[in-house]
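Dropping model.pdb in here (PDB, C-alpha atoms):
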```
MODEL        1
ATOM      1  CA  MET E  27     -48.099  28.344 -62.164  1.00  0.00           C
ATOM      2  CA  THR E  28     -44.467  29.046 -62.309  1.00  0.00           C
ATOM      3  CA  SER E  29     -44.619  30.527 -58.890  1.00  0.00           C
ATOM      4  CA  ALA E  30     -46.333  27.441 -57.483  1.00  0.00           C
ATOM      5  CA  GLN E  31     -43.827  25.173 -59.192  1.00  0.00           C
ATOM      6  CA  ASP E  32     -40.890  27.131 -57.735  1.00  0.00           C
ATOM      7  CA  ASP E  33     -42.432  26.788 -54.284  1.00  0.00           C
ATOM      8  CA  THR E  34     -42.777  23.016 -54.745  1.00  0.00           C
ATOM      9  CA  ASN E  35     -39.104  22.699 -55.786  1.00  0.00           C
ATOM     10  CA  ALA E  36     -38.054  24.798 -52.845  1.00  0.00           C
ATOM     11  CA  VAL E  37     -39.973  22.544 -50.451  1.00  0.00           C
ATOM     12  CA  GLU E  38     -38.458  19.444 -52.058  1.00  0.00           C
ATOM     13  CA  THR E  39     -34.950  20.952 -51.870  1.00  0.00           C
ATOM     14  CA  ARG E  40     -35.423  21.925 -48.238  1.00  0.00           C
ATOM     15  CA  SER E  41     -36.604  18.432 -47.377  1.00  0.00           C
ATOM     16  CA  CYS E  42     -33.450  16.921 -49.023  1.00  0.00           C
ATOM     17  CA  PHE E  43     -30.961  19.112 -47.161  1.00  0.00           C
ATOM     18  CA  PRO E  44     -31.447  17.467 -43.729  1.00  0.00           C
ATOM     19  CA  ASP E  45     -30.849  14.032 -45.276  1.00  0.00           C
ATOM     20  CA  MET E  46     -27.741  15.341 -46.998  1.00  0.00           C
ATOM     21  CA  CYS E  47     -26.483  16.807 -43.712  1.00  0.00           C
ATOM     22  CA  ASP E  48     -26.999  13.456 -42.012  1.00  0.00           C
ATOM     23  CA  LEU E  49     -25.126  11.714 -44.821  1.00  0.00           C
ATOM     24  CA  LEU E  50     -22.231  14.187 -44.622  1.00  0.00           C
ATOM     25  CA  ARG E  51     -22.055  13.802 -40.840  1.00  0.00           C
ATOM     26  CA  ASP E  52     -22.083   9.997 -41.163  1.00  0.00           C
ATOM     27  CA  PHE E  53     -19.447  10.176 -43.888  1.00  0.00           C
ATOM     28  CA  GLY E  54     -17.235  12.365 -41.677  1.00  0.00           C
ATOM     29  CA  ALA E  55     -17.584   9.913 -38.763  1.00  0.00           C
ATOM     30  CA  MET E  56     -16.760   6.976 -41.035  1.00  0.00           C
ATOM     31  CA  THR E  57     -13.709   8.828 -42.374  1.00  0.00           C
ATOM     32  CA  GLU E  58     -12.440   9.352 -38.817  1.00  0.00           C
ATOM     33  CA  LYS E  59     -13.013   5.669 -38.002  1.00  0.00           C
ATOM     34  CA  VAL E  60     -11.078   4.624 -41.104  1.00  0.00           C
ATOM     35  CA  LYS E  61      -8.205   6.947 -40.167  1.00  0.00           C
ATOM     36  CA  ALA E  62      -8.149   5.516 -36.620  1.00  0.00           C
ATOM     37  CA  MET E  63      -8.146   1.964 -38.009  1.00  0.00           C
ATOM     38  CA  GLU E  64      -5.260   2.856 -40.357  1.00  0.00           C
ATOM     39  CA  ARG E  65      -3.272   4.246 -37.382  1.00  0.00           C
ATOM     40  CA  ARG E  66      -3.929   1.076 -35.355  1.00  0.00           C
ATOM     41  CA  LEU E  67      -2.927  -1.065 -38.337  1.00  0.00           C
ATOM     42  CA  ARG E  68       0.365   0.867 -38.709  1.00  0.00           C
ATOM     43  CA  ASP E  69       1.031   0.498 -34.961  1.00  0.00           C
ATOM     44  CA  SER E  70       0.288  -3.226 -35.151  1.00  0.00           C
ATOM     45  CA  GLU E  71       2.617  -3.611 -38.138  1.00  0.00           C
ATOM     46  CA  ASN E  72       5.379  -1.818 -36.207  1.00  0.00           C
ATOM     47  CA  GLU E  73       4.832  -4.072 -33.180  1.00  0.00           C
ATOM     48  CA  ILE E  74       4.974  -7.156 -35.408  1.00  0.00           C
ATOM     49  CA  LEU E  75       8.234  -5.922 -36.966  1.00  0.00           C
ATOM     50  CA  GLU E  76       9.731  -5.289 -33.505  1.00  0.00           C
ATOM     51  CA  LEU E  77       8.748  -8.780 -32.355  1.00  0.00           C
ATOM     52  CA  LYS E  78      10.141 -10.281 -35.546  1.00  0.00           C
ATOM     53  CA  ASN E  79      13.425  -8.410 -35.051  1.00  0.00           C
ATOM     54  CA  LYS E  80      13.634  -9.670 -31.467  1.00  0.00           C
ATOM     55  CA  GLU E  81      13.051 -13.225 -32.658  1.00  0.00           C
ATOM     56  CA  GLU E  82      15.736 -12.867 -35.312  1.00  0.00           C
ATOM     57  CA  THR E  83      18.386 -11.683 -32.839  1.00  0.00           C
ATOM     58  CA  LYS E  84      20.772 -14.592 -32.432  1.00  0.00           C
ATOM     59  CA  VAL E  85      23.747 -14.336 -30.096  1.00  0.00           C
ATOM     60  CA  ILE E  86      25.844 -17.510 -29.746  1.00  0.00           C
ATOM     61  CA  PHE E  87      29.566 -17.981 -29.228  1.00  0.00           C
ATOM     62  CA  SER E  88      32.010 -20.667 -28.245  1.00  0.00           C
ATOM     63  CA  ALA E  89      35.791 -20.402 -28.099  1.00  0.00           C
ATOM     64  CA  ALA E  90      38.818 -22.366 -26.886  1.00  0.00           C
ATOM     65  CA  ILE E  91      42.224 -21.145 -25.685  1.00  0.00           C
ATOM     66  CA  GLY E  92      43.773 -22.323 -28.978  1.00  0.00           C
ATOM     67  CA  GLU E  93      46.950 -21.347 -30.772  1.00  0.00           C
ATOM     68  CA  GLY E  94      48.529 -24.696 -29.953  1.00  0.00           C
ATOM     69  CA  LEU E  95      49.476 -23.558 -26.447  1.00  0.00           C
ATOM     70  CA  ILE E  96      50.283 -26.392 -24.080  1.00  0.00           C
ATOM     71  CA  HIS E  97      49.192 -24.367 -21.071  1.00  0.00           C
ATOM     72  CA  VAL E  98      48.355 -20.832 -19.988  1.00  0.00           C
ATOM     73  CA  GLY E  99      49.882 -19.614 -16.739  1.00  0.00           C
ATOM     74  CA  PRO E 100      50.949 -19.572 -14.062  1.00  0.00           C
ATOM     75  CA  PHE E 101      51.150 -15.782 -13.742  1.00  0.00           C
ATOM     76  CA  ASN E 102      51.980 -13.573 -10.754  1.00  0.00           C
ATOM     77  CA  THR E 103      48.576 -11.826 -10.950  1.00  0.00           C
ATOM     78  CA  ASP E 104      45.067 -12.672 -12.133  1.00  0.00           C
ATOM     79  CA  ARG E 105      44.701 -12.407 -15.924  1.00  0.00           C
ATOM     80  CA  THR E 106      41.792 -12.254 -18.325  1.00  0.00           C
ATOM     81  CA  LEU E 107      41.869 -15.400 -20.438  1.00  0.00           C
ATOM     82  CA  ILE E 108      41.865 -14.886 -24.179  1.00  0.00           C
ATOM     83  CA  TYR E 109      40.145 -17.696 -26.045  1.00  0.00           C
ATOM     84  CA  ARG E 110      41.668 -17.338 -29.501  1.00  0.00           C
ATOM     85  CA  ARG E 111      40.196 -20.328 -31.324  1.00  0.00           C
ATOM     86  CA  VAL E 112      36.665 -19.171 -32.135  1.00  0.00           C
ATOM     87  CA  ILE E 113      34.432 -22.145 -32.814  1.00  0.00           C
ATOM     88  CA  MET E 114      31.288 -20.073 -33.344  1.00  0.00           C
ATOM     89  CA  ASN E 115      30.546 -16.364 -33.014  1.00  0.00           C
ATOM     90  CA  ILE E 116      27.077 -15.543 -34.310  1.00  0.00           C
ATOM     91  CA  SER E 117      26.573 -11.768 -33.887  1.00  0.00           C
ATOM     92  CA  ASN E 118      30.323 -11.219 -33.304  1.00  0.00           C
ATOM     93  CA  ALA E 119      29.734 -10.317 -29.656  1.00  0.00           C
ATOM     94  CA  TYR E 120      32.831 -12.239 -28.507  1.00  0.00           C
ATOM     95  CA  ASN E 121      36.182 -10.527 -29.167  1.00  0.00           C
ATOM     96  CA  GLU E 122      38.999 -13.053 -29.675  1.00  0.00           C
ATOM     97  CA  ALA E 123      41.634 -10.327 -29.293  1.00  0.00           C
ATOM     98  CA  THR E 124      40.528  -9.395 -25.753  1.00  0.00           C
ATOM     99  CA  GLY E 125      38.646 -12.477 -24.511  1.00  0.00           C
ATOM    100  CA  ILE E 126      35.641 -10.295 -23.697  1.00  0.00           C
ATOM    101  CA  PHE E 127      32.009 -10.902 -24.628  1.00  0.00           C
ATOM    102  CA  THR E 128      29.973  -7.681 -25.027  1.00  0.00           C
ATOM    103  CA  ALA E 129      26.172  -7.962 -24.950  1.00  0.00           C
ATOM    104  CA  PRO E 130      24.656  -6.555 -28.151  1.00  0.00           C
ATOM    105  CA  VAL E 131      21.051  -6.577 -26.829  1.00  0.00           C
ATOM    106  CA  SER E 132      19.399  -6.681 -23.419  1.00  0.00           C
ATOM    107  CA  GLY E 133      18.259 -10.086 -22.310  1.00  0.00           C
ATOM    108  CA  VAL E 134      19.007 -13.207 -20.318  1.00  0.00           C
ATOM    109  CA  TYR E 135      22.185 -14.996 -21.388  1.00  0.00           C
ATOM    110  CA  TYR E 136      23.665 -18.377 -20.466  1.00  0.00           C
ATOM    111  CA  PHE E 137      27.454 -18.731 -20.022  1.00  0.00           C
ATOM    112  CA  ASN E 138      29.618 -21.800 -19.501  1.00  0.00           C
ATOM    113  CA  ILE E 139      33.311 -22.147 -18.680  1.00  0.00           C
ATOM    114  CA  PHE E 140      35.227 -25.397 -18.727  1.00  0.00           C
ATOM    115  CA  TYR E 141      38.908 -26.118 -18.144  1.00  0.00           C
ATOM    116  CA  HIS E 142      41.426 -28.914 -18.113  1.00  0.00           C
ATOM    117  CA  ALA E 143      44.568 -28.475 -16.000  1.00  0.00           C
ATOM    118  CA  GLY E 144      47.486 -30.416 -14.654  1.00  0.00           C
ATOM    119  CA  GLY E 145      47.630 -30.866 -10.912  1.00  0.00           C
ATOM    120  CA  LEU E 146      50.996 -29.121 -10.373  1.00  0.00           C
ATOM    121  CA  HIS E 147      49.628 -25.570 -10.117  1.00  0.00           C
ATOM    122  CA  GLY E 148      45.899 -26.047  -9.617  1.00  0.00           C
ATOM    123  CA  ALA E 149      43.320 -24.005 -11.505  1.00  0.00           C
ATOM    124  CA  TYR E 150      41.178 -21.071 -10.471  1.00  0.00           C
ATOM    125  CA  LEU E 151      38.821 -19.482 -13.018  1.00  0.00           C
ATOM    126  CA  SER E 152      36.351 -16.682 -12.315  1.00  0.00           C
ATOM    127  CA  LEU E 153      33.605 -15.411 -14.600  1.00  0.00           C
ATOM    128  CA  TYR E 154      32.867 -11.684 -14.330  1.00  0.00           C
ATOM    129  CA  LYS E 155      30.012  -9.445 -15.458  1.00  0.00           C
ATOM    130  CA  ASN E 156      31.625  -6.052 -15.932  1.00  0.00           C
ATOM    131  CA  SER E 157      33.867  -5.998 -12.838  1.00  0.00           C
ATOM    132  CA  GLN E 158      31.550  -8.067 -10.625  1.00  0.00           C
ATOM    133  CA  LEU E 159      32.398 -11.697  -9.833  1.00  0.00           C
ATOM    134  CA  MET E 160      29.546 -14.013 -10.854  1.00  0.00           C
ATOM    135  CA  VAL E 161      30.817 -17.634 -10.548  1.00  0.00           C
ATOM    136  CA  GLN E 162      34.063 -19.524 -10.002  1.00  0.00           C
ATOM    137  CA  THR E 163      35.526 -22.951 -10.528  1.00  0.00           C
ATOM    138  CA  THR E 164      38.549 -24.202  -8.614  1.00  0.00           C
ATOM    139  CA  GLU E 165      40.903 -27.161  -8.573  1.00  0.00           C
ATOM    140  CA  LEU E 166      43.546 -27.271  -5.847  1.00  0.00           C
ATOM    141  CA  ARG E 167      47.124 -28.290  -6.509  1.00  0.00           C
ATOM    142  CA  SER E 168      47.480 -32.067  -6.300  1.00  0.00           C
ATOM    143  CA  ASN E 169      50.461 -34.226  -7.269  1.00  0.00           C
ATOM    144  CA  PRO E 170      48.879 -37.677  -7.236  1.00  0.00           C
ATOM    145  CA  ASP E 171      46.087 -36.487  -9.580  1.00  0.00           C
ATOM    146  CA  PRO E 172      47.880 -35.038 -12.640  1.00  0.00           C
ATOM    147  CA  ASN E 173      44.727 -34.243 -14.643  1.00  0.00           C
ATOM    148  CA  ASP E 174      42.039 -31.956 -13.315  1.00  0.00           C
ATOM    149  CA  ASP E 175      38.865 -30.778 -15.002  1.00  0.00           C
ATOM    150  CA  GLY E 176      36.233 -28.348 -13.880  1.00  0.00           C
ATOM    151  CA  GLY E 177      33.622 -25.899 -15.000  1.00  0.00           C
ATOM    152  CA  ASN E 178      30.704 -23.751 -14.054  1.00  0.00           C
ATOM    153  CA  SER E 179      27.747 -22.072 -15.732  1.00  0.00           C
ATOM    154  CA  VAL E 180      25.374 -19.218 -14.997  1.00  0.00           C
ATOM    155  CA  PHE E 181      22.397 -17.271 -16.357  1.00  0.00           C
ATOM    156  CA  LEU E 182      22.946 -13.492 -16.402  1.00  0.00           C
ATOM    157  CA  GLN E 183      20.640 -10.611 -17.224  1.00  0.00           C
ATOM    158  CA  LEU E 184      22.612  -8.179 -19.382  1.00  0.00           C
ATOM    159  CA  GLN E 185      22.079  -4.772 -20.904  1.00  0.00           C
ATOM    160  CA  PRO E 186      23.677  -3.693 -24.207  1.00  0.00           C
ATOM    161  CA  GLY E 187      27.374  -3.021 -23.581  1.00  0.00           C
ATOM    162  CA  ASP E 188      27.683  -5.232 -20.487  1.00  0.00           C
ATOM    163  CA  GLN E 189      30.881  -7.290 -20.635  1.00  0.00           C
ATOM    164  CA  VAL E 190      31.461 -10.889 -19.557  1.00  0.00           C
ATOM    165  CA  TYR E 191      34.922 -12.444 -19.325  1.00  0.00           C
ATOM    166  CA  VAL E 192      36.952 -15.125 -17.545  1.00  0.00           C
ATOM    167  CA  ARG E 193      39.982 -14.505 -15.318  1.00  0.00           C
ATOM    168  CA  LEU E 194      42.670 -17.031 -14.463  1.00  0.00           C
ATOM    169  CA  GLY E 195      43.783 -16.789 -10.844  1.00  0.00           C
ATOM    170  CA  ALA E 196      47.385 -15.966  -9.935  1.00  0.00           C
ATOM    171  CA  SER E 197      49.734 -18.949  -9.629  1.00  0.00           C
ATOM    172  CA  THR E 198      47.279 -21.270 -11.420  1.00  0.00           C
ATOM    173  CA  TRP E 199      47.160 -22.603 -14.949  1.00  0.00           C
ATOM    174  CA  VAL E 200      44.965 -24.355 -17.515  1.00  0.00           C
ATOM    175  CA  TRP E 201      45.671 -26.428 -20.583  1.00  0.00           C
ATOM    176  CA  GLY E 202      45.565 -24.415 -23.751  1.00  0.00           C
ATOM    177  CA  SER E 203      45.215 -26.298 -27.013  1.00  0.00           C
ATOM    178  CA  ASP E 204      42.328 -26.010 -29.381  1.00  0.00           C
ATOM    179  CA  TYR E 205      40.012 -28.295 -27.446  1.00  0.00           C
ATOM    180  CA  HIS E 206      40.402 -28.388 -23.652  1.00  0.00           C
ATOM    181  CA  THR E 207      39.606 -25.023 -22.069  1.00  0.00           C
ATOM    182  CA  THR E 208      36.482 -23.284 -23.386  1.00  0.00           C
ATOM    183  CA  PHE E 209      34.212 -20.286 -22.846  1.00  0.00           C
ATOM    184  CA  SER E 210      30.714 -20.305 -24.387  1.00  0.00           C
ATOM    185  CA  GLY E 211      27.487 -18.380 -24.171  1.00  0.00           C
ATOM    186  CA  PHE E 212      24.218 -17.582 -25.876  1.00  0.00           C
ATOM    187  CA  LEU E 213      21.168 -15.332 -25.646  1.00  0.00           C
ATOM    188  CA  VAL E 214      18.308 -17.252 -24.044  1.00  0.00           C
ATOM    189  CA  THR E 215      15.638 -14.564 -24.358  1.00  0.00           C
ATOM    190  CA  GLN E 216      15.660 -10.926 -25.334  1.00  0.00           C
ATOM    191  CA  MET E 217      14.058  -8.465 -22.928  1.00  0.00           C
TER     192      MET E 217
ENDMDL
END
```

Same coordinates, now as structure tokens:
Amino acid sequence: MTSAQDDTNAVETRSCFPDMCDLLRDFGAMTEKVKAMERRLRDSENEILELKNKEETKVIFSAAIGEGLIHVGPFNTDRTLIYRRVIMNISNAYNEATGIFTAPVSGVYYFNIFYHAGGLHGAYLSLYKNSQLMVQTTELRSNPDPNDDGGNSVFLQLQPGDQVYVRLGASTWVWGSDYHTTFSGFLVTQM
């Protein structure tokens, strides 16, 4: 009887092993699926963080010639204008010591220049991206019209490190002061 009982247990054990193998195989497949889902979740979290960081990048500046100067120029050669009175400089991308804006992130930026000048020397301002002329604004010398204003604006696609600045043309001038002649810009969209 013992022998018959051992045979019965052996048959029962053998019949359980295939089920156990199926369960182990299913468990292994489920483990791999869970690992793949965890990887996708980590990737999604990283993408969300990158998007959030892009949204949080704020680049805005506005500056005027400042320092109580009555006028800047005329000079014998073109000169980079230095806007010393910083009205706003979120991200510190504008350098008030050099007058140069340096892009901290790649994207599309909007820039605006505005000037006020007396008619005796005229005014000629050029906005550059690196060393490439982008836009200009000009007022010719005119005696009967002692006050001249002008400006221009442009959208530029910039990469990190690209520089944008304004040059005053030779033999021209602009009013200084804290309020009349300005240079402003901001990041429209990061790319």

- [ ] Would you mind telling me which residue in E:Ala89, E:Thr124, E:Val214, E:Ser152 lies nearest to Val112 of chain E when using all atoms listed in the file?
- [x]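 For Val112 of chain E, the nearest of the given residues is E:Ala89.
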
Open item on the list: Taking 5 positions as the minimum chain separation for residues in the same chain, which residues sit within 12 Å of Thr163 of chain E when counting all atoms listed in the file? Answer as a list in words.
Closed with: Asn138, Ile139, Phe140, Tyr141, His142, Ala143, Gly148, Ala149, Tyr150, Leu151, Ser152, Leu153, Asp174, Asp175, Gly176, Gly177, Asn178, Ser179, Val180, Val192, Arg193, Leu194, Gly195, Thr198 and Val200 of chain E

TODO: Rounded to one decimal place, report the atom CA of Leu159 of chain E-atom CA of Arg110 of chain E distance in Å.
DONE: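 Those two atoms sit 22.5 Å apart.
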
Open item on the list: One decimal, in Å: what's the spacing between atom CA of Ser132 of chain E and atom CA of Ser88 of chain E?
Closed with: 19.4 Å

Task: Closest of E:Met56, E:Asp69, E:Ala62, E:Thr103 to Ser197 of chain E - atom-to-atom distances counting all atoms listed in the file - done: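 Of E:Met56, E:Asp69, E:Ala62, E:Thr103, the one nearest Ser197 of chain E, counting all atoms listed in the file, is E:Thr103.
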
Open item on the list: Just the number, please: distance in Å from atom CA of Lys155 of chain E to atom CA of Phe87 of chain E, one decimal.
Closed with: 16.2 Å

Output the residue selection produced by the PyMOL selection byres ((chain E and resi 108) around 9) on the file above, formatted as a CSV table (one decimal) with C-alpha atoms, keeping the file's coordinate frame.
```csv
chain,number,residue,atom,x,y,z
E,90,ALA,CA,38.8,-22.4,-26.9
E,91,ILE,CA,42.2,-21.1,-25.7
E,106,THR,CA,41.8,-12.3,-18.3
E,107,LEU,CA,41.9,-15.4,-20.4
E,109,TYR,CA,40.1,-17.7,-26.0
E,110,ARG,CA,41.7,-17.3,-29.5
E,121,ASN,CA,36.2,-10.5,-29.2
E,122,GLU,CA,39.0,-13.1,-29.7
E,123,ALA,CA,41.6,-10.3,-29.3
E,124,THR,CA,40.5,-9.4,-25.8
E,125,GLY,CA,38.6,-12.5,-24.5
E,126,ILE,CA,35.6,-10.3,-23.7
E,191,TYR,CA,34.9,-12.4,-19.3
E,192,VAL,CA,37.0,-15.1,-17.5
```

Open item on the list: Neighbouring residues of Gln216 of chain E were defined as those with any atom within 8 Å, considering all atoms listed in the file; residues of the same chain fewer than 4 positions away were excluded. Please report them as a VMD selection string.
Closed with: chain E and resid 80 131 to 134

Open item on the list: For the provided coordinates, the residues matched by the PyMOL selection byres ((chain E and resi 119) around 9) should be stated as a list of chain:residue names.
Closed with: E:Val85, E:Ile86, E:Phe87, E:Asn115, E:Ile116, E:Ser117, E:Asn118, E:Tyr120, E:Asn121, E:Ile126, E:Phe127, E:Thr128, E:Ala129, E:Pro130

TODO: Check the smallest atom-to-atom distance from each of E:Gly144, E:Ala196, E:Tyr136, E:Asn156 to Gln183 of chain E using all atoms listed in the file, then report the winner.
DONE: E:Tyr136

Open item on the list: From the options E:Glu93, E:Glu71, E:Asp45, E:Glu58, which residue's atoms come nearest to Ser203 of chain E, counting only C-alpha atoms?
Closed with: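 Selected residue with least distance to Ser203 of chain E: E:Glu93.
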
Open item on the list: Counting only C-alpha atoms, which residue out of E:Gly187, E:Tyr135, E:Ser157, E:Phe101 sits closest to Phe212 of chain E?
Closed with: E:Tyr135

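With all atoms listed in the file as the atoms that count, the residue of E:Thr208, E:Tyr154, E:Thr164, E:Phe181 with the shortest distance to Arg105 of chain E is E:Tyr154.
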
Output file: segment 132-148 of chain E, N, CA, C and O atoms, as a short mmCIF file (atom, residue, chain, number, x, y, z; two decimals), in the first residue's frame:
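Result file follows (out-v1.cif):
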```cif
data_model
loop_
_atom_site.label_atom_id
_atom_site.label_comp_id
_atom_site.auth_asym_id
_atom_site.auth_seq_id
_atom_site.Cartn_x
_atom_site.Cartn_y
_atom_site.Cartn_z
N SER E 132 18.46 78.52 -26.41
CA SER E 132 18.05 78.64 -27.81
C SER E 132 16.55 78.90 -27.87
O SER E 132 15.78 78.39 -27.07
N GLY E 133 16.18 79.75 -28.82
CA GLY E 133 14.78 80.07 -28.97
C GLY E 133 14.57 81.25 -29.89
O GLY E 133 15.51 81.76 -30.50
N VAL E 134 13.32 81.68 -29.98
CA VAL E 134 12.97 82.87 -30.75
C VAL E 134 12.82 84.02 -29.76
O VAL E 134 12.09 83.91 -28.77
N TYR E 135 13.51 85.11 -30.05
CA TYR E 135 13.51 86.29 -29.19
C TYR E 135 12.94 87.49 -29.95
O TYR E 135 13.05 87.55 -31.18
N TYR E 136 12.39 88.43 -29.21
CA TYR E 136 11.89 89.68 -29.79
C TYR E 136 12.74 90.81 -29.23
O TYR E 136 12.97 90.88 -28.02
N PHE E 137 13.23 91.70 -30.10
CA PHE E 137 14.04 92.85 -29.69
C PHE E 137 13.42 94.13 -30.22
O PHE E 137 12.85 94.16 -31.31
N ASN E 138 13.59 95.21 -29.44
CA ASN E 138 13.06 96.52 -29.81
C ASN E 138 14.10 97.58 -29.46
O ASN E 138 14.67 97.54 -28.37
N ILE E 139 14.34 98.50 -30.39
CA ILE E 139 15.18 99.66 -30.09
C ILE E 139 14.34 100.91 -30.35
O ILE E 139 13.51 100.94 -31.26
N PHE E 140 14.56 101.90 -29.52
CA PHE E 140 13.87 103.17 -29.68
C PHE E 140 14.85 104.27 -29.31
O PHE E 140 15.66 104.11 -28.41
N TYR E 141 14.78 105.40 -30.03
CA TYR E 141 15.67 106.52 -29.72
C TYR E 141 14.93 107.84 -29.83
O TYR E 141 13.91 107.96 -30.50
N HIS E 142 15.50 108.81 -29.17
CA HIS E 142 15.10 110.21 -29.31
C HIS E 142 16.39 110.97 -29.60
O HIS E 142 17.42 110.72 -28.97
N ALA E 143 16.34 111.86 -30.60
CA ALA E 143 17.56 112.60 -30.97
C ALA E 143 17.19 114.01 -31.41
O ALA E 143 16.07 114.27 -31.84
N GLY E 144 18.14 114.88 -31.29
CA GLY E 144 17.99 116.23 -31.84
C GLY E 144 18.33 116.20 -33.31
O GLY E 144 19.08 115.34 -33.78
N GLY E 145 17.81 117.12 -34.07
CA GLY E 145 17.98 117.10 -35.51
C GLY E 145 19.33 117.57 -36.01
O GLY E 145 19.61 117.49 -37.20
N LEU E 146 20.22 118.07 -35.15
CA LEU E 146 21.49 118.63 -35.61
C LEU E 146 22.44 117.60 -36.21
O LEU E 146 23.18 117.91 -37.14
N HIS E 147 22.45 116.38 -35.68
CA HIS E 147 23.39 115.37 -36.16
C HIS E 147 22.69 114.17 -36.79
O HIS E 147 23.35 113.29 -37.33
N GLY E 148 21.40 114.08 -36.69
CA GLY E 148 20.70 112.89 -37.17
C GLY E 148 20.97 111.72 -36.24
O GLY E 148 21.70 111.83 -35.25
#
```
